[in-house]
$ cat my_file.cif   # mmCIF, C-alpha atoms
data_entry
loop_
_atom_site.label_atom_id
_atom_site.label_comp_id
_atom_site.auth_asym_id
_atom_site.auth_seq_id
_atom_site.Cartn_x
_atom_site.Cartn_y
_atom_site.Cartn_z
CA MET U 1030 0.00 0.00 0.00
CA LEU U 1031 1.43 3.34 -1.04
CA SER U 1032 0.57 6.50 0.80
CA VAL U 1033 0.00 9.76 -1.06
CA THR U 1034 0.09 13.19 0.52
CA VAL U 1035 -0.87 16.27 -1.46
CA THR U 1036 -0.29 19.66 0.12
CA VAL U 1037 -2.15 22.66 -1.29
CA THR U 1038 -0.94 26.08 -0.18
CA GLY U 1039 -3.14 28.88 -1.47
CA SER U 1040 -3.31 28.41 -5.20
CA LYS U 1041 -0.14 26.36 -5.29
CA ILE U 1042 0.12 22.60 -4.89
CA THR U 1043 3.44 22.11 -3.26
CA LYS U 1044 4.12 18.56 -2.29
CA VAL U 1045 3.07 15.07 -3.25
CA THR U 1046 4.76 12.27 -1.34
CA ILE U 1047 4.53 8.71 -2.56
CA GLY U 1048 5.69 5.54 -0.89
CA THR U 1049 8.20 3.91 -3.20
CA LEU U 1050 9.81 4.48 -6.57
CA ASN U 1051 12.70 2.05 -6.90
CA ASP U 1052 15.09 3.55 -4.43
CA GLY U 1053 17.18 2.36 -1.57
CA GLY U 1054 19.46 3.42 1.23
CA ASN U 1055 19.76 6.77 2.87
CA PHE U 1056 23.46 7.42 2.52
CA ARG U 1057 23.47 11.14 3.14
CA SER U 1058 20.81 11.29 5.82
CA GLN U 1059 22.99 8.94 7.88
CA SER U 1060 26.05 11.07 7.40
CA ILE U 1061 24.42 14.41 8.13
CA ASP U 1062 24.01 15.74 11.66
CA GLN U 1063 21.53 18.06 13.33
CA MET U 1064 23.77 21.07 12.69
CA ALA U 1065 23.05 20.64 9.01
CA ILE U 1066 19.41 21.66 9.32
CA PRO U 1067 19.82 25.33 10.31
CA GLN U 1068 22.61 25.47 7.74
CA LEU U 1069 20.19 24.10 5.16
CA GLU U 1070 17.63 26.78 5.94
CA GLN U 1071 20.27 29.44 5.55
CA GLN U 1072 21.29 28.03 2.19
CA ALA U 1073 17.65 27.90 1.13
CA LEU U 1074 17.34 31.60 1.89
CA GLN U 1075 20.30 32.17 -0.40
CA ALA U 1076 18.54 30.08 -3.02
CA GLN U 1077 15.53 32.36 -2.65
CA SER U 1078 17.69 35.33 -3.52
CA ALA U 1079 18.69 33.46 -6.70
CA SER U 1080 14.95 33.44 -7.62
CA ILE U 1081 14.76 29.74 -8.36
CA GLN U 1082 11.61 27.62 -8.43
CA GLY U 1083 13.26 24.21 -8.13
CA VAL U 1084 16.43 22.25 -7.52
CA SER U 1085 18.04 19.50 -9.60
CA GLY U 1086 20.52 17.12 -8.02
CA ALA U 1087 21.52 13.50 -7.56
CA SER U 1088 18.59 11.27 -6.65
CA TYR U 1089 17.61 11.39 -3.01
CA THR U 1090 15.50 8.95 -1.03
CA SER U 1091 12.47 10.06 0.96
CA ALA U 1092 14.76 10.20 4.00
CA GLY U 1093 17.28 12.27 2.06
CA PHE U 1094 14.53 14.58 0.79
CA GLU U 1095 13.88 15.84 4.31
CA LEU U 1096 17.42 17.23 4.24
CA SER U 1097 17.38 18.50 0.66
CA LEU U 1098 17.31 22.01 -0.71
CA GLN U 1099 14.20 21.15 -2.69
CA ASP U 1100 12.34 20.37 0.54
CA ALA U 1101 13.70 23.49 2.23
CA LEU U 1102 12.33 25.51 -0.69
CA LYS U 1103 8.90 24.00 -0.09
CA THR U 1104 9.02 24.39 3.68
CA LEU U 1105 9.83 28.06 3.40
CA GLY U 1106 7.02 28.50 0.88
CA PHE U 1107 9.06 29.92 -1.97
CA LYS U 1108 7.40 30.92 -5.23
CA MET B 607 12.80 3.25 1.43
CA GLY B 608 11.21 5.24 -1.31
CA THR B 609 11.59 8.63 -2.82
CA VAL B 610 9.64 11.85 -3.25
CA VAL B 611 8.00 13.47 -6.25
CA THR B 612 6.96 17.11 -5.96
CA PHE B 613 4.53 18.94 -8.24
CA ASP B 614 4.66 22.71 -8.73
CA ILE B 615 1.84 24.35 -10.65
CA TYR B 616 1.74 28.00 -11.72
CA ASP B 617 -0.72 30.22 -13.55
CA ASP B 618 -0.89 34.00 -13.89
CA GLU B 619 -4.68 33.85 -13.63
CA GLY B 620 -4.69 31.74 -10.47
CA ILE B 621 -5.55 28.07 -10.15
CA ASP B 622 -8.88 26.48 -9.33
CA PRO B 623 -8.05 23.38 -7.27
CA GLY B 624 -11.33 21.75 -8.30
CA THR B 625 -10.32 21.94 -11.96
CA LEU B 626 -6.73 20.92 -11.36
CA LEU B 627 -7.18 18.04 -8.94
CA PRO B 628 -8.54 15.46 -11.46
CA PHE B 629 -5.47 16.06 -13.65
CA LEU B 630 -3.19 15.83 -10.64
CA ALA B 631 -4.90 12.61 -9.55
CA LYS B 632 -4.24 11.16 -13.01
CA ALA B 633 -0.58 12.16 -12.82
CA VAL B 634 -0.18 10.57 -9.38
CA ALA B 635 -1.92 7.41 -10.67
CA THR B 636 0.60 7.29 -13.54
CA LEU B 637 3.49 7.37 -11.06
CA HIS B 638 1.94 4.57 -9.00
CA ARG B 639 1.30 2.45 -12.07
CA VAL B 640 4.90 2.84 -13.24
CA ASP B 641 6.13 1.96 -9.76
CA LYS B 642 3.95 -1.15 -9.74
CA ASP B 643 5.14 -2.28 -13.18
CA PHE B 644 8.84 -1.41 -12.89
CA SER B 645 9.82 -1.80 -9.26
CA THR B 646 12.92 -3.92 -8.84
CA TRP B 647 12.24 -3.96 -5.09
CA LYS B 648 8.87 -5.65 -5.37
CA PRO B 649 9.41 -9.34 -6.20
CA ASP B 650 6.01 -9.65 -7.93
CA SER B 651 6.34 -6.61 -10.23
CA PRO B 652 6.27 -7.46 -13.96
CA LEU B 653 9.85 -6.21 -14.30
CA SER B 654 11.06 -8.40 -11.41
CA ARG B 655 9.33 -11.41 -12.95
CA LEU B 656 10.87 -10.60 -16.36
CA ARG B 657 14.32 -10.35 -14.73
CA ARG B 658 13.88 -13.81 -13.23
CA GLY B 659 12.72 -15.18 -16.58
CA GLU B 660 9.28 -16.09 -15.24
CA ILE B 661 7.51 -14.15 -17.99
CA ALA B 662 8.43 -13.21 -21.55
CA LEU B 663 8.50 -9.58 -22.70
CA GLY B 664 5.25 -10.16 -24.61
CA GLU B 665 3.52 -11.09 -21.33
CA ALA B 666 4.62 -7.92 -19.53
CA PRO B 667 2.59 -4.68 -19.70
CA ILE B 668 3.07 -2.84 -23.00
CA ASP B 669 4.87 -0.04 -21.10
CA VAL B 670 7.72 -2.45 -20.35
CA THR B 671 8.26 -3.07 -24.06
CA GLU B 672 8.13 0.68 -24.78
CA VAL B 673 10.62 1.48 -22.02
CA LEU B 674 13.09 -1.20 -23.12
CA GLU B 675 12.83 0.01 -26.75
CA ASN B 676 13.55 3.56 -25.59
CA CYS B 677 16.45 2.27 -23.47
CA LYS B 678 17.94 0.68 -26.60
CA GLY B 679 17.86 4.08 -28.29
CA ALA B 680 19.44 5.75 -25.25
CA LYS B 681 22.14 3.07 -25.15
CA GLU B 682 23.05 3.78 -28.78
CA LEU B 683 23.02 7.57 -28.31
CA SER B 684 25.29 7.25 -25.27
CA GLY B 685 27.86 5.05 -26.98
CA GLY B 686 26.92 2.14 -24.70
CA TRP B 687 27.58 4.02 -21.46
CA PHE B 688 23.89 3.80 -20.52
CA ASP B 689 23.27 0.07 -20.58
CA PRO B 690 20.42 -1.42 -18.52
CA TRP B 691 21.36 -4.88 -19.83
CA ARG B 692 24.84 -4.79 -18.28
CA LEU B 693 23.73 -4.12 -14.71
CA PRO B 694 24.24 -6.77 -12.04
CA GLY B 695 21.02 -8.72 -11.36
CA GLY B 696 19.55 -8.56 -14.85
CA VAL B 697 18.01 -5.86 -17.05
CA ASP B 698 17.31 -2.76 -14.95
CA PRO B 699 15.91 0.32 -16.77
CA THR B 700 15.59 2.33 -13.52
CA GLY B 701 18.03 4.99 -14.83
CA TYR B 702 15.50 5.77 -17.57
CA VAL B 703 12.19 4.90 -15.93
CA LYS B 704 12.16 7.56 -13.22
CA GLY B 705 12.54 10.35 -15.75
CA TRP B 706 10.13 8.69 -18.18
CA ALA B 707 7.52 8.39 -15.40
CA ALA B 708 7.86 12.04 -14.39
CA GLN B 709 7.58 13.09 -18.04
CA ARG B 710 4.35 11.08 -18.39
CA ALA B 711 2.98 12.52 -15.16
CA LEU B 712 3.73 15.99 -16.54
CA GLU B 713 1.88 15.16 -19.75
CA ASP B 714 -1.18 14.25 -17.65
CA LEU B 715 -1.24 17.89 -16.49
CA VAL B 716 -1.20 19.47 -19.97
CA GLY B 717 -4.99 19.26 -20.34
CA SER B 718 -5.49 21.35 -17.20
CA GLU B 719 -4.27 24.35 -19.25
CA VAL B 720 -2.23 25.83 -16.39
CA GLY B 721 0.55 28.20 -17.41
CA GLY B 722 3.44 26.23 -15.99
CA ALA B 723 4.13 22.95 -14.25
CA MET B 724 7.11 21.06 -12.89
CA VAL B 725 7.31 17.43 -11.80
CA ASN B 726 10.45 16.94 -9.71
CA ALA B 727 11.26 13.25 -9.20
CA ALA B 728 14.01 13.15 -6.57
CA GLY B 729 16.04 15.87 -8.30
CA ASP B 730 15.12 15.21 -11.95
CA ILE B 731 12.61 17.72 -13.34
CA ALA B 732 10.11 17.60 -16.22
CA SER B 733 8.39 20.91 -17.01
CA PHE B 734 6.31 22.97 -19.37
CA GLY B 735 5.73 26.72 -19.32
CA GLY B 736 7.15 28.87 -16.55
CA PRO B 737 6.32 30.56 -13.25
CA THR B 738 4.72 33.43 -15.19
CA SER B 739 3.96 33.95 -18.86
CA ASP B 740 7.07 36.18 -18.97
CA GLY B 741 9.75 33.55 -18.73
CA PRO B 742 10.97 30.04 -18.04
CA PHE B 743 11.56 28.32 -14.71
CA ARG B 744 14.89 28.96 -13.01
CA ILE B 745 16.42 25.85 -11.49
CA GLY B 746 19.40 25.55 -9.17
CA ILE B 747 21.85 22.67 -9.65
CA VAL B 748 23.13 21.24 -6.36
CA ASN B 749 26.81 21.73 -5.54
CA PRO B 750 28.07 18.12 -5.16
CA SER B 751 30.77 19.06 -2.65
CA SER B 752 28.24 20.91 -0.48
CA PRO B 753 24.76 19.56 -1.27
CA THR B 754 22.90 22.27 0.66
CA SER B 755 24.25 24.96 -1.68
CA LEU B 756 23.93 25.54 -5.42
CA ALA B 757 26.65 25.23 -8.06
CA CYS B 758 24.79 27.26 -10.71
CA THR B 759 21.37 28.24 -12.02
CA VAL B 760 19.76 27.28 -15.32
CA GLU B 761 16.78 28.54 -17.32
CA LEU B 762 14.70 25.45 -17.83
CA ARG B 763 12.90 24.78 -21.10
CA GLY B 764 11.75 21.20 -20.83
CA ALA B 765 13.63 18.78 -18.62
CA ILE B 766 16.77 18.52 -16.52
CA ALA B 767 18.28 15.40 -14.95
CA THR B 768 21.28 15.29 -12.63
CA SER B 769 23.29 12.23 -11.65
CA GLY B 770 25.96 11.86 -9.00
CA ALA B 771 27.01 9.68 -6.10
CA TYR B 772 26.92 12.36 -3.39
CA GLU B 773 23.42 11.51 -2.09
CA ARG B 774 23.46 7.73 -1.96
CA GLY B 775 27.10 6.69 -2.34
CA GLU B 776 28.63 4.88 -5.31
CA HIS B 777 25.61 3.24 -6.94
CA LEU B 778 26.49 4.17 -10.53
CA PHE B 779 27.77 1.24 -12.55
CA ASN B 780 30.41 1.48 -15.26
CA PRO B 781 29.36 -1.03 -17.96
CA PHE B 782 32.88 -1.18 -19.42
CA THR B 783 34.81 -1.88 -16.20
CA ASP B 784 32.00 -3.67 -14.31
CA ARG B 785 32.69 -1.46 -11.29
CA TYR B 786 30.70 1.11 -9.36
CA GLU B 787 32.59 4.32 -10.12
CA THR B 788 32.02 7.84 -11.46
CA ALA B 789 34.08 10.05 -13.77
CA PHE B 790 32.48 13.26 -12.42
CA ALA B 791 30.99 14.35 -9.10
CA SER B 792 27.85 15.55 -10.90
CA ALA B 793 26.43 15.47 -14.42
CA SER B 794 23.33 17.38 -15.57
CA VAL B 795 21.54 17.02 -18.91
CA THR B 796 18.78 19.29 -20.25
CA GLY B 797 16.42 18.57 -23.15
CA PRO B 798 12.82 18.07 -24.21
CA ASP B 799 12.33 14.62 -22.62
CA LEU B 800 13.24 13.72 -19.04
CA GLY B 801 13.55 9.98 -19.74
CA LEU B 802 16.35 10.51 -22.25
CA ALA B 803 17.91 13.30 -20.17
CA ASP B 804 17.98 10.93 -17.18
CA ALA B 805 19.62 8.14 -19.19
CA LEU B 806 22.20 10.53 -20.70
CA ALA B 807 23.03 12.01 -17.27
CA THR B 808 23.59 8.48 -15.94
CA ALA B 809 25.84 7.72 -18.92
CA LEU B 810 27.70 11.01 -18.58
CA VAL B 811 28.57 10.78 -14.89
CA VAL B 812 30.06 7.32 -15.49
CA GLY B 813 31.49 7.76 -18.99
CA GLY B 814 33.15 11.16 -18.61
CA GLU B 815 34.50 13.40 -21.38
CA GLU B 816 33.67 10.94 -24.17
CA VAL B 817 29.95 11.17 -23.35
CA LEU B 818 30.08 14.96 -22.99
CA ALA B 819 31.38 15.09 -26.59
CA LEU B 820 28.60 12.73 -27.71
CA ILE B 821 25.87 14.89 -26.11
CA GLU B 822 27.27 17.93 -27.93
CA GLY B 823 26.03 16.19 -31.08
CA VAL B 824 22.55 15.25 -29.77
CA TYR B 825 19.95 17.69 -31.09
CA ASP B 826 18.20 19.75 -28.38
CA TYR B 827 20.15 18.17 -25.49
CA GLU B 828 22.84 19.99 -23.50
CA ALA B 829 25.04 18.95 -20.60
CA MET B 830 27.13 20.34 -17.74
CA VAL B 831 29.48 18.41 -15.47
CA ILE B 832 31.26 19.13 -12.20
CA GLY B 833 34.46 17.15 -11.66
CA HIS B 834 35.57 15.51 -8.44
CA GLU B 835 37.93 18.47 -7.96
CA GLY B 836 35.16 20.99 -8.70
CA ALA B 837 36.01 21.94 -12.30
CA MET B 838 32.95 22.63 -14.48
CA LYS B 839 32.59 21.82 -18.19
CA TRP B 840 29.57 22.17 -20.45
CA THR B 841 28.27 21.86 -24.01
CA THR B 842 28.09 25.05 -26.05
CA GLU B 843 24.38 25.80 -25.62
CA PHE B 844 23.94 24.76 -21.97
CA PRO B 845 21.20 27.12 -20.67
CA PHE B 846 22.94 28.86 -17.78
CA ALA B 847 20.74 31.57 -16.25
CA THR B 848 22.14 35.08 -16.41
#
$ encode --input "my_file.cif" --output "structure tokens"
Amino acid sequence: MLSVTVTVTGSKITKVTIGTLNDGGNFRSQSIDQMAIPQLEQQALQAQSASIQGVSGASYTSAGFELSLQDALKTLGFK
Amino acid sequence: MGTVVTFDIYDDEGIDPGTLLPFLAKAVATLHRVDKDFSTWKPDSPLSRLRRGEIALGEAPIDVTEVLENCKGAKELSGGWFDPWRLPGGVDPTGYVKGWAAQRALEDLVGSEVGGAMVNAAGDIASFGGPTSDGPFRIGIVNPSSPTSLACTVELRGAIATSGAYERGEHLFNPFTDRYETAFASASVTGPDLGLADALATALVVGGEEVLALIEGVYDYEAMVIGHEGAMKWTTEFPFAT
């Protein structure tokens, strides 16, 4: 059974989370520590100043996504 | 286990969720169907059964035949560096399927007539339109040596795929040495179709300079790489944002 979460913020649909899509391991989330999260938010603010709408990078797992710039963009509600 | 797909929808005139949601539901159903057919993690998926020789290609869903045909084309274009048939454990088109699935999910949204949409499948993005009618989406490419910062920004027209080992460790297989190893820290490919961009990015990060030269000759596709020491190289028309 796959779970699906759709988040609608105002007129913008921001996040759909699905259970599995052929992926494994959580290499980076294991190697990252709590200090990385405030650092991530700071970097996301810098990304905002670059006026971007999305981020492309090496494939992350759902665990890795929680620590990714793409997620930070969503969390901070960037347009 | 699992990964995350995000949808971003834009329209200058605003969006009516009631109109959009049926299209979005169709796109999400497409992703689930592809996962069901192509999962190598689920032992009873058609692809898993094909890999074990329990079913013939003709008995698998028609999508499996289409994907493997497209993979053949991508293998030829990449000079053999993208090769699902050389992977340990039997044919594994995962390096193409994720992008192909996101591209199909994006196509499900076209009928909603929104101004712009992006489907971001774990860092690979299919798109049409832009955030406003004035211009294209701007996308940051992750800096492989510091994955919470950006290496550069591109103006996206169509799709972008990025491959590298910095998120999940060395999982990229070199079909000519039979080893898990990468020539670059990061390889990004832009073009009209995310399936092919995904396959070419996978080939490029493993194959190195030879594949960068090949992509220079592929119509409508561009590439940019970041070396293990941080040096960047790109094809002549790579769409850096100004």
$ resolve_selection --input "my_file.cif" --expression "the PyMOL selection byres ((chain B) within 7 of (chain U))" --output "VMD selection string"
chain B and resid 607 to 616 620 to 621 641 645 to 647 728 to 731 743 to 748 754 to 755 767 to 775
$ resolve_selection --input "my_file.cif" --expression "the PyMOL selection byres ((chain B and resi 653) around 12)" --output "PyMOL selection string"
(chain U and resi 1051) or (chain B and resi 640-652+654-671+673-674+695-700+703)
$ resolve_selection --input "my_file.cif" --expression "the PyMOL selection byres ((chain B and resi 808) around 8)" --output "ChimeraX atom specification"
/B:688,701,768-769,778,793,804-807,809-812
$ closest_residue --input "my_file.cif" --among "B:Glu719, B:Asp799, B:Asp714, B:Glu835" --to "Asp618 in chain B" --atoms "all atoms listed in the file"
B:Glu719
$ atom_distance --input "my_file.cif" --atom1 "CA of Thr759 in chain B" --atom2 "CA of Asp617 in chain B"
22.2 Å
